[in-house]
Structure formats: structure tokens, C-alpha cells
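**Student:** Have a look at this one before I ask anything.
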Amino acid sequence: MILQGKTALVTGATRGIGRAVALRLAAEGAQVAICGRNESLLQELQEEYGFVCFAADVADRDSVRTMVQSLVSQWGRIDIVVNNAGITRDGLLMRMSEEDWQQVLDVNLTGAFHVSQAVVRPMMKQRSGRIINISSVVGFAGSAGQTNYAAAKAGLVGFTKALARETASRGILVNAIAPGYIDTDMTAALTEQQTEQIRSQIPLGNTGKPEDVAGAVVFLASDDSRYITGQTIHVNGGLLI
Ligand code: NDP
């Protein structure tokens, strides 16, 4: 229970990595709030685990502000924020629509901007806080058919470094995690052949589980990482060695 007494917000936590992160933070003693767009999944999670749930689209600045204000007035403080909400809209650059480009940037990158901007003020007041941004191996290595996603995920790394410099003097630590291939709905669209091809490039021999990312989040949220800021932890089974 290394996060006893802490409060945490995880975006995009109705499924996949975000859900596993929320469950693990709660298991470590944190009070957890989550957001997503699927209201029935949010309701289930609220009933099953007692999470504070918000139907909020991170691309919508006003919804994010309302959510954070409500949390701060309920909890009095906000210790940990995990910018996890993300989408893909894959396609070759030559055929990519403006909409597919923009939606991916709006959710994956601008979403983190909206949430971070809303939480930085209360974190500055309390002179502590952890912001953890979920990037991707694709932001480092690229991936054909994912120029929009790679740009957003690489952008998150620069965002992490700049915000870490801006807020370090106020006790706020900002780091990123770059997962490799993790078994979730996002990767379920790959064919067995594609998954096999990816697996063959992973030194540890298999794709990851959402819980593998959750472990790194707990580390970055805990006191054990108190001298680490502006960094990215790679959770990819060695894919990027
Ligand atoms: P999933 O598609 O399984 O889950 C995505 C989550 O984000 C859902 O809970 C979804 O909830 C939520 N979400 C999507 N759009 C929004 C939005 N606009 N506002 C709020 N919530 C939103 O994805 P993963 O769990 O696989 O991915 C989680 C994060 O990890 C993403 O940022 C992804 O890019 C990153 N990542 C994933 C990898 C993988 O291999 N799976 C590898 C590297 C990085 P709802 O539908 O309710 O809105």
C-alpha cells in the first residue's frame, strides 16, 4: 500500500492499460478517479470498485476543467495524474484525412495538455504532484501507417521534458512511459500474422500485459522515484534495445 492517502486521476480508464493502472493505484491505497466516454463502462467501474467516474472527453477543454475542479473540491488535492487516454486512426500519409490526423493529435497530445494545465495549479499550491504521460514505442521508432500517432506520442515526450523543467521547483515531477505492444483492444485489431511478426522482434519473447505498464506507473507515482523527472521509462520487453 505504497500510495495510501494519495489521490489519483487516470484518463481513458474504462478499458485496457488505463483500467489496469486505476486498479493497481487503488490496490496500492490511492483514492482513484477515472474518465472515459463510455458511460455504461464507467457506471460498472464505479459500482464495482468505487472509482469516482467522469464521462469526459480529454479533447474537450471545458469537460476536463469541470472534471478537475470537481475532483479538487471533493478531495482537496490531487497527487497523481496519468494521461493515458489515446486513440489510433491508422492510414498511410498519402491517404490520411485531415480529420484522422487531427483527432489523434487532439486526444493523444492536446488531451494531455488540457489535463495537465488543469491540474498544475492545484499541484503548485500543494507543492507536490506527479504527472505521468503514456507515450509509445511508436513515438521513438516510428511505424508505417501511424504518422499521426507517432507525432502525437513523440510530442508527448517533448511535452513531458518541458513541463518537468517548468514545474520542478514546485515539487511536481513529470515523466512518461513508452509501452511497446500491450494486449488491449487497441492491438486486438492486428492479425495473428502481424502479432507473430511483432513478437519475433521482442527479446523477452512476448507482447506485454496492461499490468506491466501499471507497475511502472506505480513506481513513478511513488516516493521511490522522487529524484526522477523529465524521463521516459520504456516498457516493451526489449523491443527498443
Ligand atoms: P484502449 O483502446 O484499450 O483504451 C483506450 C482508453 O482510452 C479507453 O478507456 C477509452 O475509453 C479511452 N479514451 C479514448 N479516447 C478518449 C477521449 N477522447 N477521452 C477520454 N478517454 C478516451 O487502449 P490502450 O489501453 O491500449 O491504450 C492506452 C494508452 O496507451 C493510449 O494512450 C495508447 O496510445 C497507449 N499505448 C498503448 C499501447 C498498446 O500496445 N496497447 C502501446 C503504446 C502506447 P472510452 O472508449 O470510454 O472513451
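Identifiers for the C-alpha cells are assigned positionally: chains receive A, B, ... in sequence, residues are indexed from 1 per chain, and ligands are indexed from 1 in the order shown.
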Using only C-alpha atoms and all ligand atoms, determine which residues fall within 8 Å of ligand 1, then list them as a VMD selection string.

**Tutor:** chain A and resid 11 to 19 35 to 39 41 to 42 55 to 60 83 to 88 106 to 108 111 134 to 138 149 153 178 to 187 208 210

**Student:** If you run DSSP on the backbone here, which positions in stretch 27-138 of chain A get alpha helix (DSSP H)? Please write them as a PyMOL selection string.

**Tutor:** chain A and resi 27+39-49+61-75+98-105+111-126+138

**Student:** Using only C-alpha atoms, which residue out of A:Ala164, A:Leu190, A:Leu23, A:Ala30 lies closest to A:Gln4?

**Tutor:** A:Ala30

**Student:** If you count only C-alpha atoms, which residues fall within 10 Å of A:Ser169, apart from same-chain ones fewer than 6 positions away, as a PDB file with N, CA, C and O atoms, in the first residue's frame?

**Tutor:**
```pdb
ATOM      1  N   MET A 124       0.709  22.989  -7.856  1.00  0.00           N
ATOM      2  CA  MET A 124       1.660  24.045  -7.449  1.00  0.00           C
ATOM      3  C   MET A 124       1.331  24.541  -6.055  1.00  0.00           C
ATOM      4  O   MET A 124       2.218  24.746  -5.236  1.00  0.00           O
ATOM      5  N   ARG A 127       2.428  22.172  -3.618  1.00  0.00           N
ATOM      6  CA  ARG A 127       3.886  21.999  -3.804  1.00  0.00           C
ATOM      7  C   ARG A 127       4.312  20.539  -3.940  1.00  0.00           C
ATOM      8  O   ARG A 127       5.387  20.133  -3.510  1.00  0.00           O
ATOM      9  N   SER A 128       3.447  19.774  -4.607  1.00  0.00           N
ATOM     10  CA  SER A 128       3.811  18.391  -4.926  1.00  0.00           C
ATOM     11  C   SER A 128       2.851  17.870  -5.982  1.00  0.00           C
ATOM     12  O   SER A 128       1.747  18.406  -6.149  1.00  0.00           O
TER      13      SER A 128
END
```

**Student:** Measure the distance from atom CA of A:Val213 to atom CA of A:Ala20 in Å and round it to one decimal.

**Tutor:** 8.2 Å

**Student:** Per residue of stretch 107-173 of chain A within 10 Å of stretch 221-238 of chain A, which atom pair is closest and at what distance in Å (one decimal), using only C-alpha atoms, listed by chain and increasing number, as a tab-separated table?

**Tutor:**
```
residue	atom	partner	partner_atom	distance
A:Gly129	CA	A:Ala221	CA	8.6
A:Arg130	CA	A:Ala221	CA	6.0
A:Ile131	CA	A:Ala221	CA	8.1
A:Ile132	CA	A:Ala221	CA	7.9
A:Asn133	CA	A:Thr232	CA	8.9
A:Ile134	CA	A:Thr232	CA	9.2
A:Ser135	CA	A:Thr232	CA	8.4
A:Ser136	CA	A:His234	CA	8.3
A:Val137	CA	A:His234	CA	7.5
A:Val157	CA	A:Thr232	CA	7.4
A:Gly158	CA	A:Gly230	CA	8.9
A:Phe159	CA	A:Gly230	CA	9.1
A:Thr160	CA	A:Gly230	CA	5.8
A:Lys161	CA	A:Gly230	CA	4.4
A:Ala162	CA	A:Gly230	CA	7.6
A:Leu163	CA	A:Gly230	CA	7.8
A:Ala164	CA	A:Gly230	CA	5.1
A:Arg165	CA	A:Gly230	CA	7.4
A:Thr167	CA	A:Thr229	CA	9.9
A:Ala168	CA	A:Thr229	CA	7.8
A:Gly171	CA	A:Arg226	CA	9.3
A:Ile172	CA	A:Thr229	CA	8.5
A:Leu173	CA	A:Thr229	CA	5.1
```

**Student:** Since we have the selection now, will you write its residues out, keeping N, CA and C atoms, as a short mmCIF file (atom, residue, chain, number, x, y, z; two decimals), in the first residue's frame?

**Tutor:**
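The file below, part-v8.cif, is the result:
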```
data_model
loop_
_atom_site.label_atom_id
_atom_site.label_comp_id
_atom_site.auth_asym_id
_atom_site.auth_seq_id
_atom_site.Cartn_x
_atom_site.Cartn_y
_atom_site.Cartn_z
N GLY A 129 3.26 16.83 -6.68
CA GLY A 129 2.38 16.21 -7.68
C GLY A 129 3.18 15.37 -8.64
N ARG A 130 2.51 14.42 -9.23
CA ARG A 130 3.14 13.55 -10.23
C ARG A 130 2.26 13.55 -11.47
N ILE A 131 2.86 13.84 -12.61
CA ILE A 131 2.15 13.74 -13.88
C ILE A 131 2.86 12.68 -14.71
N ILE A 132 2.12 11.69 -15.15
CA ILE A 132 2.71 10.56 -15.88
C ILE A 132 2.00 10.46 -17.23
N ASN A 133 2.76 10.65 -18.28
CA ASN A 133 2.19 10.66 -19.63
C ASN A 133 2.46 9.33 -20.34
N ILE A 134 1.43 8.74 -20.92
CA ILE A 134 1.62 7.46 -21.61
C ILE A 134 1.92 7.74 -23.08
N SER A 135 3.20 7.60 -23.43
CA SER A 135 3.65 7.77 -24.81
C SER A 135 3.57 6.41 -25.50
N SER A 136 4.54 6.10 -26.35
CA SER A 136 4.54 4.80 -27.05
C SER A 136 5.89 4.57 -27.70
N VAL A 137 6.23 3.30 -27.86
CA VAL A 137 7.44 2.94 -28.63
C VAL A 137 7.38 3.55 -30.03
N VAL A 157 6.58 13.27 -25.42
CA VAL A 157 7.89 13.18 -24.76
C VAL A 157 8.49 14.58 -24.61
N GLY A 158 8.40 15.40 -25.65
CA GLY A 158 8.88 16.79 -25.55
C GLY A 158 8.06 17.56 -24.53
N PHE A 159 6.76 17.33 -24.55
CA PHE A 159 5.85 17.98 -23.58
C PHE A 159 6.27 17.63 -22.15
N THR A 160 6.58 16.36 -21.95
CA THR A 160 6.98 15.86 -20.62
C THR A 160 8.25 16.58 -20.15
N LYS A 161 9.24 16.69 -21.03
CA LYS A 161 10.51 17.32 -20.64
C LYS A 161 10.31 18.80 -20.32
N ALA A 162 9.54 19.49 -21.18
CA ALA A 162 9.34 20.93 -20.97
C ALA A 162 8.56 21.19 -19.69
N LEU A 163 7.51 20.42 -19.47
CA LEU A 163 6.70 20.63 -18.26
C LEU A 163 7.49 20.25 -17.01
N ALA A 164 8.35 19.23 -17.13
CA ALA A 164 9.19 18.84 -15.98
C ALA A 164 10.08 20.01 -15.58
N ARG A 165 10.66 20.69 -16.57
CA ARG A 165 11.52 21.86 -16.26
C ARG A 165 10.70 22.99 -15.65
N THR A 167 8.01 22.89 -13.85
CA THR A 167 7.34 22.68 -12.57
C THR A 167 8.22 22.06 -11.47
N ALA A 168 9.46 21.74 -11.81
CA ALA A 168 10.33 21.05 -10.84
C ALA A 168 10.49 21.84 -9.55
N GLY A 171 8.01 21.17 -6.86
CA GLY A 171 7.85 19.80 -6.34
C GLY A 171 7.01 18.88 -7.21
N ILE A 172 6.79 19.30 -8.46
CA ILE A 172 5.98 18.45 -9.35
C ILE A 172 6.92 17.68 -10.28
N LEU A 173 6.75 16.37 -10.33
CA LEU A 173 7.58 15.53 -11.19
C LEU A 173 6.75 15.08 -12.39
#
```

**Student:** Ranking A:Ile80, A:Ala189, A:Ala152, A:Val120 by minimum distance to A:Val218 and counting only C-alpha atoms, which one comes first?

**Tutor:**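 Checking each of A:Ile80, A:Ala189, A:Ala152, A:Val120 against A:Val218, counting only C-alpha atoms, the winner is A:Ile80.
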
**Student:** Excluding same-chain residues fewer than 3 positions from A:Met1, what lies within 9 Å of it counting only C-alpha atoms, as a PyMOL selection string?

**Tutor:** chain A and resi 4+25-30
